[in-house]
Amino acid sequence: MTTDMAPTELRARAAEALKALLSQVSGVRLTEMKREPQARGRAVEIVARIDVFGHTHTLACEVHSDGEPDHVRAALHGLRDSAAHLPANTTPLLIAPYLSPEAQALCNENQAGFLDLEGNARLTVGEVFIGTRSLPCHAIGRLSAAFHQPPARSPANEIVHDGLRRPSRSHTASALVA
């Protein structure tokens with residue numbers, strides 16, 4: 001999925017999403033975040049230094065506007081090359097507006113973390129694993145519609161509704177099976 005968001009806005013939203021993700025884990029503290037000026041041949045756009053239970057780690061982040069698997073594959077190649085010039089305890093992290101399950105699998109295969117602006121993330125740093133998953137927009141619509149429908153009529157539901165209307169009536173487990 002390609003976004004029509006301006007590159008500076010995308011980088012700003014990516015930095016905020018990264019801060020929000022890291023703040024969810026009590027043992028992880030963001031100590032420094034720098035936005036690197038874009039340079040030809042260098043994929044790293046955000047460098048974040050974090051403290052994980054007293055150990056310093058670096059996150060080398062590339063912000064990519066297109067999360068399609070073909071583009072992700074090329075972005076991961078550039079990110080791994082750029083991250084190789086950073087300290088040994090550097091974790092590459094790809095940030096995009098949305099990453100499909102296939103693109104997420106590519107990140108996993110390449111030992112790179114990922115974060116998308118939809119709320120999906122997977123990041124392993126030292127002893128800490130951070131993973132979040134959001135529902136796709138179409139699933140949220142189905143869930144919302146399900147909450148507005150009346151409950152299904154089943155034998156168990158009939159007993160519950162009947163019991164609410166006539167609490168003195170007793171029910172047995174065999175009535176639920178019938």
# chains A, B, ... in the order shown; residues from 1 in each chain; ligands from 1
>>> residues_around(residues="region 99-102 of chain A", least_positions_apart="4", cutoff="8 Å", atoms="only C-alpha atoms", output="PyMOL selection string")
chain A and resi 1+67-69+106+115-116+120
>>> write_last_selection(atoms="C-alpha atoms", output="mmCIF file, in the first residue's frame")
data_model
loop_
_atom_site.group_PDB
_atom_site.id
_atom_site.type_symbol
_atom_site.label_atom_id
_atom_site.label_comp_id
_atom_site.auth_asym_id
_atom_site.auth_seq_id
_atom_site.Cartn_x
_atom_site.Cartn_y
_atom_site.Cartn_z
ATOM 1 C CA MET A 1 0.000 0.000 0.000
ATOM 2 C CA GLY A 67 4.656 -1.510 2.167
ATOM 3 C CA GLU A 68 4.247 -3.805 -0.847
ATOM 4 C CA PRO A 69 6.394 -6.959 -0.533
ATOM 5 C CA LEU A 106 9.876 -10.691 4.865
ATOM 6 C CA LEU A 115 6.252 -1.086 12.690
ATOM 7 C CA ASP A 116 3.342 0.199 10.700
ATOM 8 C CA ASN A 120 1.245 -3.719 13.826
#
>>> atom_distance(atom1="CA of Phe53 (chain A)", atom2="CA of Ala84 (chain A)")
23.8 Å
>>> residues_around(residues="Ala88 (chain A)", least_positions_apart="4", cutoff="10 Å", atoms="only C-alpha atoms", output="list in words")
His57, Thr58, Ala83 and Ala84 of chain A
>>> residues_around(residues="Arg133 (chain A)", least_positions_apart="4", cutoff="9 Å", atoms="only C-alpha atoms", output="MDAnalysis selection string")
chainID A and resid 118:122
>>> write_last_selection(atoms="C-alpha atoms", output="short mmCIF file (atom, residue, chain, number, x, y, z; two decimals), in the first residue's frame")
data_model
loop_
_atom_site.label_atom_id
_atom_site.label_comp_id
_atom_site.auth_asym_id
_atom_site.auth_seq_id
_atom_site.Cartn_x
_atom_site.Cartn_y
_atom_site.Cartn_z
CA GLU A 118 -1.93 0.79 11.60
CA GLY A 119 -0.63 -0.59 14.91
CA ASN A 120 1.25 -3.72 13.83
CA ALA A 121 4.75 -4.19 15.17
CA ARG A 122 7.38 -6.81 15.88
#
>>> closest_residue(among="A:Arg11, A:Ser65, A:Thr90, A:Gly27", to="Ala48 (chain A)", atoms="only C-alpha atoms")
A:Thr90
>>> atom_distance(atom1="CA of Ala14 (chain A)", atom2="CA of Glu127 (chain A)")
23.8 Å
>>> select_by_dssp(residues="region 20-78 of chain A", states="strand (DSSP E)", output="short mmCIF file (atom, residue, chain, number, x, y, z; two decimals) with N, CA and C atoms, in the first residue's frame")
data_model
loop_
_atom_site.label_atom_id
_atom_site.label_comp_id
_atom_site.auth_asym_id
_atom_site.auth_seq_id
_atom_site.Cartn_x
_atom_site.Cartn_y
_atom_site.Cartn_z
N VAL A 28 12.06 -0.67 28.78
CA VAL A 28 12.70 0.00 27.64
C VAL A 28 12.53 1.51 27.81
N ARG A 29 13.65 2.22 27.66
CA ARG A 29 13.61 3.68 27.78
C ARG A 29 14.31 4.30 26.57
N LEU A 30 13.61 5.19 25.90
CA LEU A 30 14.19 5.91 24.77
C LEU A 30 15.13 6.98 25.31
N THR A 31 16.40 6.92 24.94
CA THR A 31 17.36 7.90 25.44
C THR A 31 17.66 8.99 24.43
N GLU A 32 17.56 8.65 23.13
CA GLU A 32 17.85 9.64 22.09
C GLU A 32 17.20 9.20 20.78
N MET A 33 16.65 10.16 20.06
CA MET A 33 16.12 9.88 18.74
C MET A 33 16.55 10.99 17.81
N LYS A 34 17.21 10.60 16.72
CA LYS A 34 17.67 11.59 15.73
C LYS A 34 17.08 11.24 14.38
N ARG A 35 16.65 12.26 13.69
CA ARG A 35 16.25 12.08 12.29
C ARG A 35 17.46 12.40 11.44
N ILE A 46 15.92 7.33 10.73
CA ILE A 46 15.77 7.62 12.16
C ILE A 46 16.71 6.68 12.90
N VAL A 47 17.50 7.25 13.80
CA VAL A 47 18.35 6.46 14.67
C VAL A 47 17.86 6.70 16.09
N ALA A 48 17.47 5.64 16.75
CA ALA A 48 16.98 5.74 18.12
C ALA A 48 17.89 4.94 19.03
N ARG A 49 18.34 5.56 20.09
CA ARG A 49 19.14 4.86 21.10
C ARG A 49 18.21 4.59 22.27
N ILE A 50 18.20 3.34 22.68
CA ILE A 50 17.32 2.93 23.77
C ILE A 50 18.10 2.19 24.83
N ASP A 51 17.58 2.22 26.03
CA ASP A 51 18.14 1.51 27.16
C ASP A 51 17.18 0.35 27.46
N VAL A 52 17.69 -0.87 27.39
CA VAL A 52 16.88 -2.05 27.67
C VAL A 52 17.48 -2.73 28.89
N HIS A 55 21.10 -1.93 29.32
CA HIS A 55 21.98 -2.14 28.16
C HIS A 55 21.55 -1.22 27.03
N THR A 56 22.52 -0.58 26.38
CA THR A 56 22.23 0.33 25.29
C THR A 56 22.09 -0.41 23.97
N HIS A 57 21.05 -0.07 23.23
CA HIS A 57 20.81 -0.64 21.90
C HIS A 57 20.49 0.50 20.95
N THR A 58 20.71 0.24 19.67
CA THR A 58 20.41 1.22 18.64
C THR A 58 19.38 0.64 17.69
N LEU A 59 18.40 1.46 17.32
CA LEU A 59 17.42 1.09 16.31
C LEU A 59 17.72 1.91 15.07
N ALA A 60 18.00 1.25 13.96
CA ALA A 60 18.23 1.92 12.68
C ALA A 60 16.94 1.78 11.89
N CYS A 61 16.23 2.89 11.73
CA CYS A 61 14.89 2.85 11.14
C CYS A 61 14.85 3.45 9.75
N GLU A 62 14.22 2.74 8.86
CA GLU A 62 13.92 3.30 7.54
C GLU A 62 12.42 3.50 7.47
N VAL A 63 12.04 4.68 7.05
CA VAL A 63 10.63 5.00 6.87
C VAL A 63 10.35 4.86 5.38
#
>>> closest_residue(among="A:Arg13, A:Thr132, A:Ala74, A:Glu36", to="Ala96 (chain A)", atoms="only C-alpha atoms")
A:Arg13
>>> closest_residue(among="A:Pro97, A:Ser82, A:Thr91, A:Ala6", to="Gly126 (chain A)", atoms="only C-alpha atoms")
A:Thr91
>>> atom_distance(atom1="CA of Leu79 (chain A)", atom2="CA of Val128 (chain A)")
21.4 Å
>>> select_by_dssp(residues="region 59-153 of chain A", states="alpha helix (DSSP H)", output="MDAnalysis selection string")
chainID A and resid 69:83 101:109 137:147
>>> decode(residues="region 68-100 of chain A", atoms="N, CA and C atoms", output="PDB file, in the first residue's frame")
ATOM      1  N   GLU A  68       4.415  -2.632   0.006  1.00  0.00           N
ATOM      2  CA  GLU A  68       4.247  -3.805  -0.847  1.00  0.00           C
ATOM      3  C   GLU A  68       5.475  -4.706  -0.737  1.00  0.00           C
ATOM      4  N   PRO A  69       5.277  -6.034  -0.743  1.00  0.00           N
ATOM      5  CA  PRO A  69       6.394  -6.959  -0.533  1.00  0.00           C
ATOM      6  C   PRO A  69       7.611  -6.718  -1.435  1.00  0.00           C
ATOM      7  N   ASP A  70       7.415  -6.409  -2.720  1.00  0.00           N
ATOM      8  CA  ASP A  70       8.563  -6.176  -3.604  1.00  0.00           C
ATOM      9  C   ASP A  70       9.380  -4.971  -3.146  1.00  0.00           C
ATOM     10  N   HIS A  71       8.695  -3.910  -2.749  1.00  0.00           N
ATOM     11  CA  HIS A  71       9.389  -2.711  -2.276  1.00  0.00           C
ATOM     12  C   HIS A  71      10.026  -2.937  -0.906  1.00  0.00           C
ATOM     13  N   VAL A  72       9.351  -3.736  -0.077  1.00  0.00           N
ATOM     14  CA  VAL A  72       9.883  -4.048   1.252  1.00  0.00           C
ATOM     15  C   VAL A  72      11.176  -4.840   1.119  1.00  0.00           C
ATOM     16  N   ARG A  73      11.209  -5.775   0.189  1.00  0.00           N
ATOM     17  CA  ARG A  73      12.418  -6.590  -0.027  1.00  0.00           C
ATOM     18  C   ARG A  73      13.617  -5.690  -0.345  1.00  0.00           C
ATOM     19  N   ALA A  74      13.417  -4.738  -1.262  1.00  0.00           N
ATOM     20  CA  ALA A  74      14.496  -3.814  -1.631  1.00  0.00           C
ATOM     21  C   ALA A  74      14.853  -2.897  -0.456  1.00  0.00           C
ATOM     22  N   ALA A  75      13.852  -2.429   0.273  1.00  0.00           N
ATOM     23  CA  ALA A  75      14.103  -1.557   1.422  1.00  0.00           C
ATOM     24  C   ALA A  75      14.899  -2.286   2.504  1.00  0.00           C
ATOM     25  N   LEU A  76      14.574  -3.549   2.741  1.00  0.00           N
ATOM     26  CA  LEU A  76      15.295  -4.331   3.753  1.00  0.00           C
ATOM     27  C   LEU A  76      16.755  -4.523   3.369  1.00  0.00           C
ATOM     28  N   HIS A  77      17.003  -4.727   2.085  1.00  0.00           N
ATOM     29  CA  HIS A  77      18.386  -4.880   1.623  1.00  0.00           C
ATOM     30  C   HIS A  77      19.189  -3.605   1.920  1.00  0.00           C
ATOM     31  N   GLY A  78      18.630  -2.457   1.583  1.00  0.00           N
ATOM     32  CA  GLY A  78      19.304  -1.184   1.852  1.00  0.00           C
ATOM     33  C   GLY A  78      19.443  -0.918   3.345  1.00  0.00           C
ATOM     34  N   LEU A  79      18.421  -1.275   4.105  1.00  0.00           N
ATOM     35  CA  LEU A  79      18.453  -1.058   5.552  1.00  0.00           C
ATOM     36  C   LEU A  79      19.524  -1.904   6.216  1.00  0.00           C
ATOM     37  N   ARG A  80      19.651  -3.153   5.807  1.00  0.00           N
ATOM     38  CA  ARG A  80      20.680  -4.027   6.396  1.00  0.00           C
ATOM     39  C   ARG A  80      22.077  -3.505   6.064  1.00  0.00           C
ATOM     40  N   ASP A  81      22.279  -3.028   4.830  1.00  0.00           N
ATOM     41  CA  ASP A  81      23.582  -2.471   4.455  1.00  0.00           C
ATOM     42  C   ASP A  81      23.902  -1.233   5.281  1.00  0.00           C
ATOM     43  N   SER A  82      22.933  -0.356   5.451  1.00  0.00           N
ATOM     44  CA  SER A  82      23.156   0.873   6.226  1.00  0.00           C
ATOM     45  C   SER A  82      23.377   0.578   7.704  1.00  0.00           C
ATOM     46  N   ALA A  83      22.615  -0.368   8.243  1.00  0.00           N
ATOM     47  CA  ALA A  83      22.734  -0.712   9.661  1.00  0.00           C
ATOM     48  C   ALA A  83      24.081  -1.352   9.973  1.00  0.00           C
ATOM     49  N   ALA A  84      24.723  -1.945   8.974  1.00  0.00           N
ATOM     50  CA  ALA A  84      26.027  -2.582   9.178  1.00  0.00           C
ATOM     51  C   ALA A  84      27.094  -1.557   9.571  1.00  0.00           C
ATOM     52  N   HIS A  85      26.888  -0.287   9.257  1.00  0.00           N
ATOM     53  CA  HIS A  85      27.853   0.760   9.591  1.00  0.00           C
ATOM     54  C   HIS A  85      27.600   1.374  10.964  1.00  0.00           C
ATOM     55  N   LEU A  86      26.615   0.870  11.670  1.00  0.00           N
ATOM     56  CA  LEU A  86      26.292   1.362  13.011  1.00  0.00           C
ATOM     57  C   LEU A  86      26.838   0.380  14.048  1.00  0.00           C
ATOM     58  N   PRO A  87      26.740   0.704  15.349  1.00  0.00           N
ATOM     59  CA  PRO A  87      27.280  -0.191  16.384  1.00  0.00           C
ATOM     60  C   PRO A  87      26.739  -1.626  16.275  1.00  0.00           C
ATOM     61  N   ALA A  88      27.471  -2.548  16.861  1.00  0.00           N
ATOM     62  CA  ALA A  88      27.152  -3.976  16.759  1.00  0.00           C
ATOM     63  C   ALA A  88      25.768  -4.318  17.310  1.00  0.00           C
ATOM     64  N   ASN A  89      25.301  -3.594  18.289  1.00  0.00           N
ATOM     65  CA  ASN A  89      24.000  -3.904  18.897  1.00  0.00           C
ATOM     66  C   ASN A  89      22.871  -3.097  18.239  1.00  0.00           C
ATOM     67  N   THR A  90      22.914  -3.031  16.912  1.00  0.00           N
ATOM     68  CA  THR A  90      21.915  -2.279  16.159  1.00  0.00           C
ATOM     69  C   THR A  90      20.874  -3.219  15.572  1.00  0.00           C
ATOM     70  N   THR A  91      19.624  -2.843  15.729  1.00  0.00           N
ATOM     71  CA  THR A  91      18.514  -3.601  15.173  1.00  0.00           C
ATOM     72  C   THR A  91      17.884  -2.799  14.046  1.00  0.00           C
ATOM     73  N   PRO A  92      17.821  -3.362  12.833  1.00  0.00           N
ATOM     74  CA  PRO A  92      17.141  -2.654  11.749  1.00  0.00           C
ATOM     75  C   PRO A  92      15.619  -2.708  11.953  1.00  0.00           C
ATOM     76  N   LEU A  93      14.952  -1.613  11.623  1.00  0.00           N
ATOM     77  CA  LEU A  93      13.505  -1.506  11.822  1.00  0.00           C
ATOM     78  C   LEU A  93      12.904  -0.793  10.619  1.00  0.00           C
ATOM     79  N   LEU A  94      11.941  -1.437   9.975  1.00  0.00           N
ATOM     80  CA  LEU A  94      11.250  -0.845   8.834  1.00  0.00           C
ATOM     81  C   LEU A  94       9.926  -0.279   9.321  1.00  0.00           C
ATOM     82  N   ILE A  95       9.660   0.976   8.983  1.00  0.00           N
ATOM     83  CA  ILE A  95       8.418   1.641   9.373  1.00  0.00           C
ATOM     84  C   ILE A  95       7.698   2.068   8.100  1.00  0.00           C
ATOM     85  N   ALA A  96       6.411   1.732   8.017  1.00  0.00           N
ATOM     86  CA  ALA A  96       5.607   2.063   6.840  1.00  0.00           C
ATOM     87  C   ALA A  96       4.173   2.345   7.281  1.00  0.00           C
ATOM     88  N   PRO A  97       3.390   2.980   6.415  1.00  0.00           N
ATOM     89  CA  PRO A  97       1.988   3.216   6.772  1.00  0.00           C
ATOM     90  C   PRO A  97       1.227   1.912   7.035  1.00  0.00           C
ATOM     91  N   TYR A  98       1.477   0.896   6.212  1.00  0.00           N
ATOM     92  CA  TYR A  98       0.856  -0.410   6.412  1.00  0.00           C
ATOM     93  C   TYR A  98       1.772  -1.470   5.826  1.00  0.00           C
ATOM     94  N   LEU A  99       1.919  -2.572   6.540  1.00  0.00           N
ATOM     95  CA  LEU A  99       2.702  -3.707   6.049  1.00  0.00           C
ATOM     96  C   LEU A  99       1.799  -4.931   6.048  1.00  0.00           C
ATOM     97  N   SER A 100       1.660  -5.545   4.882  1.00  0.00           N
ATOM     98  CA  SER A 100       0.832  -6.746   4.742  1.00  0.00           C
ATOM     99  C   SER A 100       1.481  -7.896   5.507  1.00  0.00           C
TER     100      SER A 100
END
